[in-house]
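Peer 1: Starting off with a structure, shown below.
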Amino acid sequence: MTLNITSIKTSSNGAWQGDNPLDYAFPLLILQTTLILIVSRFLAFLLKPLRQPKVIAEIVGGIILGPSAFGRNKTYMHRIFPSWSTPILESVASIGLLFFLFLVGLELDLNSIRRSGRRAFSIAAAGISLPFVCGIGVAIVLRKTVDGADKVGFAQFLVFMGVALSITAFPVLARILAELKLLTTHVGETAMAAAAFNDVAAWILLALAVALAGDAGHQKSPLVSLWVLLSGVAFVGFMMVVIRPAMKWVGQRCSSENGVVDEAYICLTLAGVMVSGFMTDLIGIHSIFGAFVFGLTIPKGGDFSERLMERIEDFVSGLLLPLYFASSGLKTDVAKIRGAEAWGLLVLVISTACAGKILGTFAVAMMCRMPARESLTLGVLMNTKGLVELIVLNIGKEKKVLNDEMFAILVLMALFTTFITTPTVMAIYKPARGGMFSRTHRKLGDLTSNINAKHEVSEQLRVLACVHGPGNVPSIISLIESTRSTTHSSLKLFIMHLVELTERSSSIILAQRARKNGLPFFNRSHSSRWHDPLAGAFEAYSQLGRVSVRPTTAISSLTTMHQDICLVAEEKRVAIIILPFHKQWRRKDIDEDEEQEESSATDHDDHDIKVKVKGSHEMVENVGHGWRLVNQRVLRTAPCSVALLVDRGYGNGSQTPGPNATVAQNVCVLFFGGPDDREALHLGGRMAEHPAVKVTVVRFLENKDAAESTNTLKLRPSLSKNMNSDKSYSFSTAKMNREAEQELDETAVEELRNKWEGMVAYIEMIASNVVEDVMAIGRGGTYDLIVVGRGRFPSTMVAGLAERQAEHAELGPIGDILASSGNGVESSVLVIQQHDVAHAEEAPVSKVHDKFKTQESSSTSGKDACMIANDNIA
């Protein structure tokens, strides 16, 4: 039954008037788009642990929704993806494709391709030539084996098969390299340069293939193909000679020096993408070729190109492009591959594609004197398929050069070769990042012990401070300034801006600029040093004297961000890493009437929680659970001490100390005992050297009478079995000598009192109720900052808190009490973990208890067993 396309209406009158929305174009398109996005995002989530690019999930999603899986149900297929809706879905997807190819051209720098030299060109040429020749051989086999393949012109079929097997996906390869932190390593740079050559060659071959193909349904003169090619060359020449200088002028007009980017130029550029696409379609080459060439004409790295990316990429890459990949999957019917012969052809195509690409690249890379492992890795990377591959296959199917069986075989080949890239590279190439640096194992106590009685200059304090954004800047500057000794030791500050690596093209480009040899690097040139606006916020502070500030940007996926942080800390030999807590509090005073409104409109969303406190309201900004996991991984793997800063407006207004200021900050150090608390005490000693900082040390002493009556309960906490590690505190599993630890505590306190007598207020407090005592200090509003140890080897007082259900377990019991929401604590909190290899292994209290319970049953009983628990848990 044929359907008249003109009879299809855009929207329905609604179900109440008897219309089925699925019989109308726009409601059906909404349903199809939603279904595709849900399935592809779910698959992307499942494939994330395998570190697969998003394109894999989108194609597989289309295959699942199409005739290969769900589409076997004819009722579903005719209702959700009827044949009349295909042109509509593909038209919308093609708009996304058009703008995505514009973005690909926008990020492809022709100047960098020219500079990449003979090596990259040779590798690219070999990586195209050998697979192309192999593709011709496969094409001959397919023409003789697959029914209907010989009905297509020989030249068209050979070119399409050769292009399909020889392409490297430049955008997908960039994403894989960035994910594996290889983007700016020697292998990554060579791969990107070769892939850029390959991309340009692929577009030329694609234009040739389309020009030769025409419409396989009727014969045409060879002269037509020649005219198409000549017109295409003329179009490219016009774009480079006329349009490129014009776009360079537009880029200069829209630079930051000349103010904001004019909206008119953005609109004209977007219209230029459409016009360029129309012109190449008019010529007889696919419209996306015009968009790609227009992208090449935009000047790279300026404000104008960055603004264009911001406007386009989220909508295109997140919504429209998945429709194109899914539509390719919807056309793929795996059931067409029937019998051993057909599956044998699939194996042949995959083997030929992999062998041609990998062997060709490997041989030339070896001839260019690259190591064997790097050469093999390069070959595997260049075997990545993706968008251009699917475009070629879709055009081939549209022009009837490829039938359903060959289309399905080639789509599965593209899927397989891309899928194996990441795990294969991870298996064969593991660069020794950071191997040249000796592990530092540094802590603040090492520096403090170097200062002798005469206060001679001690070793330079080196600090790595991480920031998520501008909101972290005031608190970090205030904290660093308070630790800067104005008389004795200089301070070197490394600022690392943490940026999540996303699917966005701009994220990949940023990663390429912000990395060196696979790691973040600190640019030494003054001209580009403060190019990053966030790093520029630290420029004025660096001028205060005796503070050297070096900025960098770490762009990684959240699962590997901690590697960047720890490797830079190791390379730069820092003594402490300062991390922003994943929650940040902001308090504003409000009137009583406004307060009433706020209480009735409180929003409990994870990212914006409002809590009413004493005539003011707290805004809790939550950057997300992923950043919390980054902090936890750094705490486990850092080669030095780590501090987590829970910011409640620290450093705002008059709180920031200056070198000549009167007391601007009141800092309180809570001391219960143990290595982490001693590190907090060392930091308090450094702060005491600053004339604008007033330090108070509050030492909690155990109430002996209460301790004797509740000794077993406190020292051997038993958690319920349903509590997980996120809800229970982790303590060190190392066996330690309690008497020796108490001696170290006494020595640290005595040294601090002797050295800073009169400058540090010292208070001893008998702990009756630790939770209430600690919260009272936090609620009092006397202190701008409270410094506490994480307490992985806790005193008996802190161990008694282990039964509490933790809100933020990584902060330890005391830090968690002060950081928890709704407790009315006004002070900011700094939680410190001292670096100590002996304390590296941790476990939730319930697990530690189980471990020693086993020891009790095998080696001790009664009172002796209690002593084992005391020595290890408390």
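Starting from 1 in every chain, residues are counted up; chains themselves are A, B, ... following the order of the structure tokens, and ligands are numbered from 1 as listed.
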Env of segment 327-342 of chain A: 9 Å cut, atoms = only C-alpha atoms, seq-sep filter 3 positions within chain, self excluded. Answer as number ranges by chain.
Peer 2: A: 58-69, 71, 81, 86, 89-90, 93, 145-146, 322-324, 345-347, 390-391, 393-394, 404-409, 411-412
Peer 1: Could you tell me which of A:Ala178, A:Leu479, A:Leu101, A:Ile814 comes closest to Ala802 of chain A if we count only C-alpha atoms?
Peer 2: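 Using only C-alpha atoms, the shortest distance to Ala802 of chain A belongs to A:Ile814.
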Peer 1: Residues of segment 616-820 of chain A in strand (DSSP E) according to DSSP, as a ChimeraX atom specification?
Peer 2: /A:616-622,641-647,665-671,693-702,730-732,760-767,785-789
Peer 1: Give the alpha helix (DSSP H) residues of segment 690-823 of chain A, as DSSP finds them on the backbone, and put them as a compact mmCIF listing (two decimals) with N, CA and C atoms, in the first residue's frame.
Peer 2:
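Output saved as states_14.txt:
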```
# COMPACT_ATOMS: atom_id res chain seq x y z
N LYS A 704 37.64 10.74 82.74
CA LYS A 704 38.09 9.40 83.16
C LYS A 704 36.97 8.58 83.78
N ASP A 705 36.14 9.22 84.62
CA ASP A 705 35.07 8.47 85.29
C ASP A 705 34.07 7.92 84.28
N ALA A 706 33.68 8.80 83.31
CA ALA A 706 32.70 8.36 82.31
C ALA A 706 33.31 7.31 81.41
N ALA A 707 34.63 7.47 81.12
CA ALA A 707 35.30 6.53 80.22
C ALA A 707 35.34 5.13 80.80
N GLU A 708 35.59 5.04 82.13
CA GLU A 708 35.68 3.71 82.76
C GLU A 708 34.34 2.99 82.72
N SER A 709 33.25 3.73 82.87
CA SER A 709 31.93 3.09 82.91
C SER A 709 31.45 2.67 81.53
N ASN A 711 33.67 2.14 78.79
CA ASN A 711 34.88 1.85 78.01
C ASN A 711 34.63 0.89 76.86
N THR A 712 33.94 -0.22 77.15
CA THR A 712 33.72 -1.24 76.13
C THR A 712 32.84 -0.71 75.01
N LEU A 713 31.79 0.04 75.36
CA LEU A 713 30.89 0.58 74.35
C LEU A 713 31.60 1.54 73.41
N LYS A 714 32.43 2.39 74.01
CA LYS A 714 33.09 3.40 73.20
C LYS A 714 34.16 2.81 72.29
N LEU A 715 34.92 1.90 72.83
CA LEU A 715 36.08 1.42 72.07
C LEU A 715 35.75 0.29 71.11
N ARG A 738 49.52 2.59 71.39
CA ARG A 738 48.77 3.70 71.97
C ARG A 738 49.64 4.57 72.86
N GLU A 739 50.51 3.96 73.63
CA GLU A 739 51.36 4.74 74.53
C GLU A 739 52.28 5.65 73.74
N ALA A 740 52.86 5.12 72.64
CA ALA A 740 53.74 5.93 71.81
C ALA A 740 52.97 7.09 71.17
N GLU A 741 51.74 6.82 70.75
CA GLU A 741 50.92 7.88 70.15
C GLU A 741 50.62 8.97 71.16
N GLN A 742 50.31 8.58 72.40
CA GLN A 742 50.03 9.58 73.43
C GLN A 742 51.26 10.43 73.73
N GLU A 743 52.43 9.82 73.69
CA GLU A 743 53.67 10.58 73.88
C GLU A 743 53.87 11.59 72.76
N LEU A 744 53.60 11.17 71.52
CA LEU A 744 53.72 12.09 70.37
C LEU A 744 52.72 13.24 70.48
N ASP A 745 51.52 12.92 70.95
CA ASP A 745 50.52 13.98 71.15
C ASP A 745 51.00 15.00 72.18
N GLU A 746 51.49 14.50 73.31
CA GLU A 746 51.97 15.40 74.37
C GLU A 746 53.12 16.26 73.86
N THR A 747 54.04 15.64 73.10
CA THR A 747 55.20 16.38 72.58
C THR A 747 54.76 17.48 71.63
N ALA A 748 53.80 17.15 70.73
CA ALA A 748 53.33 18.14 69.76
C ALA A 748 52.67 19.32 70.45
N VAL A 749 51.83 19.04 71.45
CA VAL A 749 51.16 20.13 72.18
C VAL A 749 52.17 20.97 72.94
N GLU A 750 53.15 20.31 73.58
CA GLU A 750 54.15 21.04 74.36
C GLU A 750 55.00 21.94 73.47
N GLU A 751 55.40 21.41 72.29
CA GLU A 751 56.19 22.22 71.35
C GLU A 751 55.41 23.45 70.90
N LEU A 752 54.15 23.26 70.60
CA LEU A 752 53.33 24.39 70.16
C LEU A 752 53.21 25.44 71.25
N ARG A 753 52.98 25.03 72.49
CA ARG A 753 52.82 25.98 73.58
C ARG A 753 54.12 26.72 73.88
N ASN A 754 55.23 26.00 73.82
CA ASN A 754 56.52 26.65 74.10
C ASN A 754 56.90 27.64 73.00
N LYS A 755 56.64 27.24 71.77
CA LYS A 755 57.08 28.06 70.65
C LYS A 755 56.21 29.30 70.46
N VAL A 770 30.85 14.97 73.60
CA VAL A 770 31.72 15.47 72.53
C VAL A 770 30.92 16.16 71.44
N VAL A 771 29.79 15.57 71.02
CA VAL A 771 28.99 16.13 69.93
C VAL A 771 28.50 17.53 70.29
N GLU A 772 27.92 17.67 71.50
CA GLU A 772 27.39 18.98 71.91
C GLU A 772 28.52 19.99 72.09
N ASP A 773 29.65 19.56 72.65
CA ASP A 773 30.78 20.47 72.87
C ASP A 773 31.32 20.99 71.54
N VAL A 774 31.46 20.10 70.57
CA VAL A 774 32.00 20.50 69.26
C VAL A 774 31.02 21.43 68.54
N MET A 775 29.72 21.08 68.58
CA MET A 775 28.72 21.92 67.90
C MET A 775 28.61 23.29 68.57
N ALA A 776 28.79 23.35 69.86
CA ALA A 776 28.74 24.63 70.56
C ALA A 776 29.84 25.56 70.06
N ILE A 777 31.03 25.01 69.83
CA ILE A 777 32.14 25.81 69.30
C ILE A 777 31.80 26.30 67.89
N GLY A 778 31.21 25.40 67.07
CA GLY A 778 30.87 25.78 65.70
C GLY A 778 29.73 26.78 65.62
N ARG A 779 28.76 26.66 66.53
CA ARG A 779 27.60 27.55 66.49
C ARG A 779 27.89 28.93 67.06
N THR A 796 39.91 7.67 72.16
CA THR A 796 38.73 6.97 72.69
C THR A 796 37.48 7.84 72.60
N MET A 797 37.64 9.16 72.74
CA MET A 797 36.49 10.05 72.65
C MET A 797 35.88 10.03 71.25
N VAL A 798 36.73 10.09 70.23
CA VAL A 798 36.25 10.10 68.84
C VAL A 798 35.72 8.73 68.45
N ALA A 799 36.38 7.66 68.92
CA ALA A 799 35.91 6.31 68.62
C ALA A 799 34.50 6.09 69.15
N GLY A 812 35.41 12.21 58.55
CA GLY A 812 35.68 11.71 59.89
C GLY A 812 34.60 12.17 60.86
N PRO A 813 34.54 11.63 62.06
CA PRO A 813 33.44 11.95 62.99
C PRO A 813 33.33 13.43 63.33
N ILE A 814 34.44 14.06 63.70
CA ILE A 814 34.38 15.47 64.15
C ILE A 814 34.08 16.39 62.97
N GLY A 815 34.76 16.18 61.85
CA GLY A 815 34.51 17.00 60.67
C GLY A 815 33.08 16.86 60.18
N ASP A 816 32.53 15.67 60.28
CA ASP A 816 31.16 15.43 59.82
C ASP A 816 30.15 16.17 60.69
N ILE A 817 30.41 16.17 62.01
CA ILE A 817 29.51 16.91 62.93
C ILE A 817 29.46 18.39 62.54
N LEU A 818 30.62 18.95 62.26
CA LEU A 818 30.69 20.38 61.94
C LEU A 818 30.18 20.71 60.54
N ALA A 819 30.23 19.74 59.61
CA ALA A 819 29.84 20.00 58.23
C ALA A 819 28.40 19.62 57.93
```
Peer 1: Grab the atom CA of Leu103 of chain A to atom CA of Gly469 of chain A distance for me, in Å with one decimal place.
Peer 2: 26.0 Å
Peer 1: Would you list the contacts of Val349 of chain A as a ChimeraX atom specification, taking every protein, DNA or RNA residue within 12 Å and counting only C-alpha atoms, but skipping same-chain residues closer than 2 positions in sequence?
Peer 2: /A:131,134-142,161-162,164-166,342-347,351-356,406-414,416-417
Peer 1: Would you mind telling me which residue in A:Leu701, A:Ile565, A:Ala688, A:Val236 lies nearest to Pro639 of chain A when using only C-alpha atoms?
Peer 2: A:Ile565
Peer 1: Excluding Val250 of chain A and any residue of its chain fewer than 5 positions from it, enumerate the residues within 10 Å of it, using only C-alpha atoms, and give them as a VMD selection string.
Peer 2: chain A and resid 244 to 245 255 261 to 262 265 to 266 269 298 to 299 304
Peer 1: Measure the distance from atom CA of Asp147 of chain A to atom CA of Arg72 of chain A in Å and round it to one decimal.
Peer 2: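 Result for atom CA of Asp147 of chain A versus atom CA of Arg72 of chain A: 23.0 Å, one decimal.
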Peer 1: Residues at most 9 Å from Gln52 of chain A, counting only C-alpha atoms, excluding those fewer than 3 positions away in the same chain, as a ChimeraX atom specification?
Peer 2: /A:44,47-49,55-57,176,418-423
Peer 1: Print the selection's residues with all heavy atoms to a file, as an mmCIF file, in the first residue's frame.
Peer 2:
```
data_model
loop_
_atom_site.group_PDB
_atom_site.id
_atom_site.type_symbol
_atom_site.label_atom_id
_atom_site.label_comp_id
_atom_site.auth_asym_id
_atom_site.auth_seq_id
_atom_site.Cartn_x
_atom_site.Cartn_y
_atom_site.Cartn_z
ATOM 1 N N ALA A 44 24.501 3.990 27.194
ATOM 2 C CA ALA A 44 25.746 4.724 27.483
ATOM 3 C C ALA A 44 26.138 4.555 28.942
ATOM 4 O O ALA A 44 27.322 4.416 29.267
ATOM 5 C CB ALA A 44 25.568 6.204 27.146
ATOM 6 N N LEU A 47 27.621 1.107 29.330
ATOM 7 C CA LEU A 47 28.928 0.951 28.678
ATOM 8 C C LEU A 47 30.002 1.857 29.284
ATOM 9 O O LEU A 47 31.172 1.742 28.934
ATOM 10 C CB LEU A 47 28.815 1.244 27.176
ATOM 11 C CG LEU A 47 27.995 0.241 26.354
ATOM 12 C CD1 LEU A 47 27.788 0.759 24.938
ATOM 13 C CD2 LEU A 47 28.690 -1.115 26.319
ATOM 14 N N LYS A 48 29.593 2.742 30.195
ATOM 15 C CA LYS A 48 30.552 3.696 30.764
ATOM 16 C C LYS A 48 31.725 3.017 31.473
ATOM 17 O O LYS A 48 32.872 3.440 31.328
ATOM 18 C CB LYS A 48 29.829 4.654 31.711
ATOM 19 C CG LYS A 48 30.663 5.866 32.078
ATOM 20 C CD LYS A 48 29.855 6.885 32.859
ATOM 21 C CE LYS A 48 30.683 8.125 33.159
ATOM 22 N NZ LYS A 48 29.928 9.119 33.937
ATOM 23 N N PRO A 49 31.484 1.937 32.265
ATOM 24 C CA PRO A 49 32.631 1.272 32.905
ATOM 25 C C PRO A 49 33.637 0.721 31.900
ATOM 26 O O PRO A 49 34.820 0.579 32.219
ATOM 27 C CB PRO A 49 31.975 0.135 33.706
ATOM 28 C CG PRO A 49 30.571 0.575 33.931
ATOM 29 C CD PRO A 49 30.202 1.368 32.723
ATOM 30 N N VAL A 55 28.930 7.136 20.806
ATOM 31 C CA VAL A 55 28.436 6.707 19.497
ATOM 32 C C VAL A 55 28.077 5.225 19.498
ATOM 33 O O VAL A 55 27.119 4.800 18.834
ATOM 34 C CB VAL A 55 29.477 7.033 18.403
ATOM 35 C CG1 VAL A 55 30.775 6.318 18.647
ATOM 36 C CG2 VAL A 55 28.965 6.652 17.021
ATOM 37 N N ILE A 56 28.808 4.418 20.242
ATOM 38 C CA ILE A 56 28.524 2.976 20.319
ATOM 39 C C ILE A 56 27.121 2.752 20.875
ATOM 40 O O ILE A 56 26.316 1.987 20.324
ATOM 41 C CB ILE A 56 29.559 2.263 21.218
ATOM 42 C CG1 ILE A 56 30.954 2.329 20.603
ATOM 43 C CG2 ILE A 56 29.156 0.813 21.477
ATOM 44 C CD1 ILE A 56 31.179 1.429 19.446
ATOM 45 N N ALA A 57 26.807 3.428 21.980
ATOM 46 C CA ALA A 57 25.494 3.269 22.620
ATOM 47 C C ALA A 57 24.384 3.733 21.692
ATOM 48 O O ALA A 57 23.309 3.112 21.638
ATOM 49 C CB ALA A 57 25.454 4.051 23.929
ATOM 50 N N ILE A 176 38.328 9.330 22.687
ATOM 51 C CA ILE A 176 38.990 8.159 23.274
ATOM 52 C C ILE A 176 40.351 8.556 23.852
ATOM 53 O O ILE A 176 40.715 8.169 24.964
ATOM 54 C CB ILE A 176 39.139 7.033 22.227
ATOM 55 C CG1 ILE A 176 37.762 6.425 21.899
ATOM 56 C CG2 ILE A 176 40.076 5.934 22.732
ATOM 57 C CD1 ILE A 176 37.778 5.447 20.751
ATOM 58 N N THR A 418 35.364 0.020 16.563
ATOM 59 C CA THR A 418 35.381 1.116 17.539
ATOM 60 C C THR A 418 35.312 0.587 18.965
ATOM 61 O O THR A 418 35.978 1.102 19.861
ATOM 62 C CB THR A 418 34.207 2.084 17.274
ATOM 63 O OG1 THR A 418 34.246 2.499 15.904
ATOM 64 C CG2 THR A 418 34.296 3.310 18.162
ATOM 65 N N PHE A 419 34.522 -0.468 19.159
ATOM 66 C CA PHE A 419 34.345 -1.039 20.500
ATOM 67 C C PHE A 419 35.664 -1.586 21.060
ATOM 68 O O PHE A 419 35.952 -1.425 22.241
ATOM 69 C CB PHE A 419 33.296 -2.160 20.447
ATOM 70 C CG PHE A 419 32.944 -2.719 21.793
ATOM 71 C CD1 PHE A 419 31.952 -2.135 22.562
ATOM 72 C CD2 PHE A 419 33.607 -3.824 22.313
ATOM 73 C CE1 PHE A 419 31.617 -2.633 23.813
ATOM 74 C CE2 PHE A 419 33.282 -4.336 23.557
ATOM 75 C CZ PHE A 419 32.290 -3.735 24.310
ATOM 76 N N ILE A 420 36.464 -2.223 20.200
ATOM 77 C CA ILE A 420 37.689 -2.862 20.701
ATOM 78 C C ILE A 420 38.843 -1.874 20.892
ATOM 79 O O ILE A 420 39.853 -2.217 21.503
ATOM 80 C CB ILE A 420 38.163 -4.008 19.771
ATOM 81 C CG1 ILE A 420 38.567 -3.458 18.392
ATOM 82 C CG2 ILE A 420 37.108 -5.092 19.661
ATOM 83 C CD1 ILE A 420 39.261 -4.469 17.511
ATOM 84 N N THR A 421 38.687 -0.640 20.397
ATOM 85 C CA THR A 421 39.811 0.313 20.440
ATOM 86 C C THR A 421 40.265 0.585 21.865
ATOM 87 O O THR A 421 41.443 0.405 22.198
ATOM 88 C CB THR A 421 39.420 1.631 19.745
ATOM 89 O OG1 THR A 421 39.097 1.363 18.379
ATOM 90 C CG2 THR A 421 40.577 2.619 19.806
ATOM 91 N N THR A 422 39.346 1.025 22.730
ATOM 92 C CA THR A 422 39.728 1.420 24.093
ATOM 93 C C THR A 422 40.329 0.265 24.898
ATOM 94 O O THR A 422 41.426 0.410 25.441
ATOM 95 C CB THR A 422 38.525 2.032 24.827
ATOM 96 O OG1 THR A 422 38.059 3.166 24.100
ATOM 97 C CG2 THR A 422 38.909 2.463 26.229
ATOM 98 N N PRO A 423 39.658 -0.903 24.999
ATOM 99 C CA PRO A 423 40.271 -1.987 25.781
ATOM 100 C C PRO A 423 41.597 -2.473 25.215
ATOM 101 O O PRO A 423 42.497 -2.831 25.978
ATOM 102 C CB PRO A 423 39.209 -3.103 25.752
ATOM 103 C CG PRO A 423 38.250 -2.733 24.690
ATOM 104 C CD PRO A 423 38.303 -1.267 24.534
#
```
Peer 1: Between atom CA of Leu230 of chain A and atom CA of Ala155 of chain A, what is the spacing in Å?
Peer 2: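 Separating atom CA of Ala155 of chain A from atom CA of Leu230 of chain A is a distance of 18.6 Å.
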Peer 1: List the spatial neighbours of segment 786-794 of chain A as a ChimeraX atom specification - criterion: any atom at most 6 Å away, only C-alpha atoms, same-chain residues fewer than 6 positions off excluded.
Peer 2: /A:667-670,674,676-677,680,731-732,811-812,829-833,874
Peer 1: From the list A:Met561, A:Leu97, A:Ile283, A:Ile88, which residue is nearest Phe315 of chain A when using only C-alpha atoms?
Peer 2: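 Smallest distance to Phe315 of chain A is found for A:Leu97.
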Peer 1: Give me, as a ChimeraX atom specification, all polymer residues having an atom no more than 9 Å from segment 756-764 of chain A, counting only C-alpha atoms and skipping those fewer than 6 positions away in the same chain.
Peer 2: /A:684-685,688-689,694-701
Peer 1: Export all heavy atoms of the chosen residues as an mmCIF file, in the first residue's frame?
Peer 2:
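Printed below is again_36.cif as written:
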```cif
data_model
loop_
_atom_site.group_PDB
_atom_site.id
_atom_site.type_symbol
_atom_site.label_atom_id
_atom_site.label_comp_id
_atom_site.auth_asym_id
_atom_site.auth_seq_id
_atom_site.Cartn_x
_atom_site.Cartn_y
_atom_site.Cartn_z
ATOM 1 N N GLY A 684 48.049 24.813 62.446
ATOM 2 C CA GLY A 684 47.734 25.901 63.371
ATOM 3 C C GLY A 684 48.973 26.677 63.763
ATOM 4 O O GLY A 684 48.930 27.915 63.898
ATOM 5 N N GLY A 685 50.102 25.987 63.933
ATOM 6 C CA GLY A 685 51.355 26.659 64.253
ATOM 7 C C GLY A 685 51.803 27.579 63.128
ATOM 8 O O GLY A 685 52.290 28.692 63.381
ATOM 9 N N ALA A 688 49.717 30.683 63.166
ATOM 10 C CA ALA A 688 50.044 31.578 64.276
ATOM 11 C C ALA A 688 51.137 32.567 63.905
ATOM 12 O O ALA A 688 51.264 33.627 64.522
ATOM 13 C CB ALA A 688 50.473 30.758 65.497
ATOM 14 N N GLU A 689 51.945 32.229 62.870
ATOM 15 C CA GLU A 689 53.016 33.137 62.441
ATOM 16 C C GLU A 689 52.477 34.362 61.728
ATOM 17 O O GLU A 689 53.180 35.360 61.584
ATOM 18 C CB GLU A 689 53.985 32.396 61.508
ATOM 19 C CG GLU A 689 54.745 31.263 62.175
ATOM 20 C CD GLU A 689 55.782 30.675 61.234
ATOM 21 O OE1 GLU A 689 56.540 31.457 60.627
ATOM 22 O OE2 GLU A 689 55.828 29.449 61.091
ATOM 23 N N LYS A 694 44.479 34.988 64.490
ATOM 24 C CA LYS A 694 44.489 34.631 65.910
ATOM 25 C C LYS A 694 44.108 33.158 66.022
ATOM 26 O O LYS A 694 43.027 32.746 65.627
ATOM 27 C CB LYS A 694 43.484 35.502 66.683
ATOM 28 C CG LYS A 694 43.329 35.133 68.152
ATOM 29 C CD LYS A 694 44.609 35.379 68.948
ATOM 30 C CE LYS A 694 44.404 35.107 70.424
ATOM 31 N NZ LYS A 694 45.663 35.214 71.182
ATOM 32 N N VAL A 695 45.010 32.350 66.554
ATOM 33 C CA VAL A 695 44.806 30.905 66.635
ATOM 34 C C VAL A 695 44.488 30.511 68.081
ATOM 35 O O VAL A 695 45.167 30.938 69.013
ATOM 36 C CB VAL A 695 46.053 30.138 66.129
ATOM 37 C CG1 VAL A 695 45.851 28.622 66.291
ATOM 38 C CG2 VAL A 695 46.332 30.472 64.667
ATOM 39 N N THR A 696 43.453 29.678 68.217
ATOM 40 C CA THR A 696 43.092 29.099 69.510
ATOM 41 C C THR A 696 43.119 27.586 69.374
ATOM 42 O O THR A 696 42.515 27.033 68.452
ATOM 43 C CB THR A 696 41.686 29.544 69.950
ATOM 44 O OG1 THR A 696 41.648 30.971 70.007
ATOM 45 C CG2 THR A 696 41.324 28.962 71.307
ATOM 46 N N VAL A 697 43.828 26.920 70.285
ATOM 47 C CA VAL A 697 43.862 25.452 70.296
ATOM 48 C C VAL A 697 42.988 24.973 71.443
ATOM 49 O O VAL A 697 43.196 25.353 72.603
ATOM 50 C CB VAL A 697 45.310 24.923 70.455
ATOM 51 C CG1 VAL A 697 45.291 23.398 70.589
ATOM 52 C CG2 VAL A 697 46.163 25.343 69.262
ATOM 53 N N VAL A 698 41.981 24.168 71.118
ATOM 54 C CA VAL A 698 41.103 23.574 72.141
ATOM 55 C C VAL A 698 41.429 22.092 72.199
ATOM 56 O O VAL A 698 41.190 21.352 71.247
ATOM 57 C CB VAL A 698 39.617 23.779 71.809
ATOM 58 C CG1 VAL A 698 38.746 23.113 72.869
ATOM 59 C CG2 VAL A 698 39.290 25.263 71.705
ATOM 60 N N ARG A 699 42.014 21.684 73.338
ATOM 61 C CA ARG A 699 42.359 20.276 73.501
ATOM 62 C C ARG A 699 41.293 19.595 74.358
ATOM 63 O O ARG A 699 41.009 20.030 75.472
ATOM 64 C CB ARG A 699 43.727 20.117 74.158
ATOM 65 C CG ARG A 699 44.153 18.654 74.247
ATOM 66 C CD ARG A 699 45.490 18.466 74.919
ATOM 67 N NE ARG A 699 45.916 17.073 74.827
ATOM 68 C CZ ARG A 699 47.016 16.604 75.419
ATOM 69 N NH1 ARG A 699 47.790 17.427 76.130
ATOM 70 N NH2 ARG A 699 47.333 15.338 75.281
ATOM 71 N N PHE A 700 40.723 18.534 73.808
ATOM 72 C CA PHE A 700 39.704 17.778 74.537
ATOM 73 C C PHE A 700 40.378 16.678 75.351
ATOM 74 O O PHE A 700 41.170 15.892 74.828
ATOM 75 C CB PHE A 700 38.699 17.161 73.564
ATOM 76 C CG PHE A 700 37.718 18.150 73.007
ATOM 77 C CD1 PHE A 700 38.057 18.984 71.957
ATOM 78 C CD2 PHE A 700 36.451 18.262 73.563
ATOM 79 C CE1 PHE A 700 37.158 19.905 71.456
ATOM 80 C CE2 PHE A 700 35.544 19.180 73.073
ATOM 81 C CZ PHE A 700 35.890 20.006 72.008
ATOM 82 N N LEU A 701 40.078 16.659 76.638
ATOM 83 C CA LEU A 701 40.606 15.632 77.526
ATOM 84 C C LEU A 701 39.470 14.702 77.931
ATOM 85 O O LEU A 701 38.323 15.127 78.115
ATOM 86 C CB LEU A 701 41.235 16.270 78.766
ATOM 87 C CG LEU A 701 42.425 17.210 78.497
ATOM 88 C CD1 LEU A 701 42.864 17.864 79.785
ATOM 89 C CD2 LEU A 701 43.579 16.444 77.864
#
```
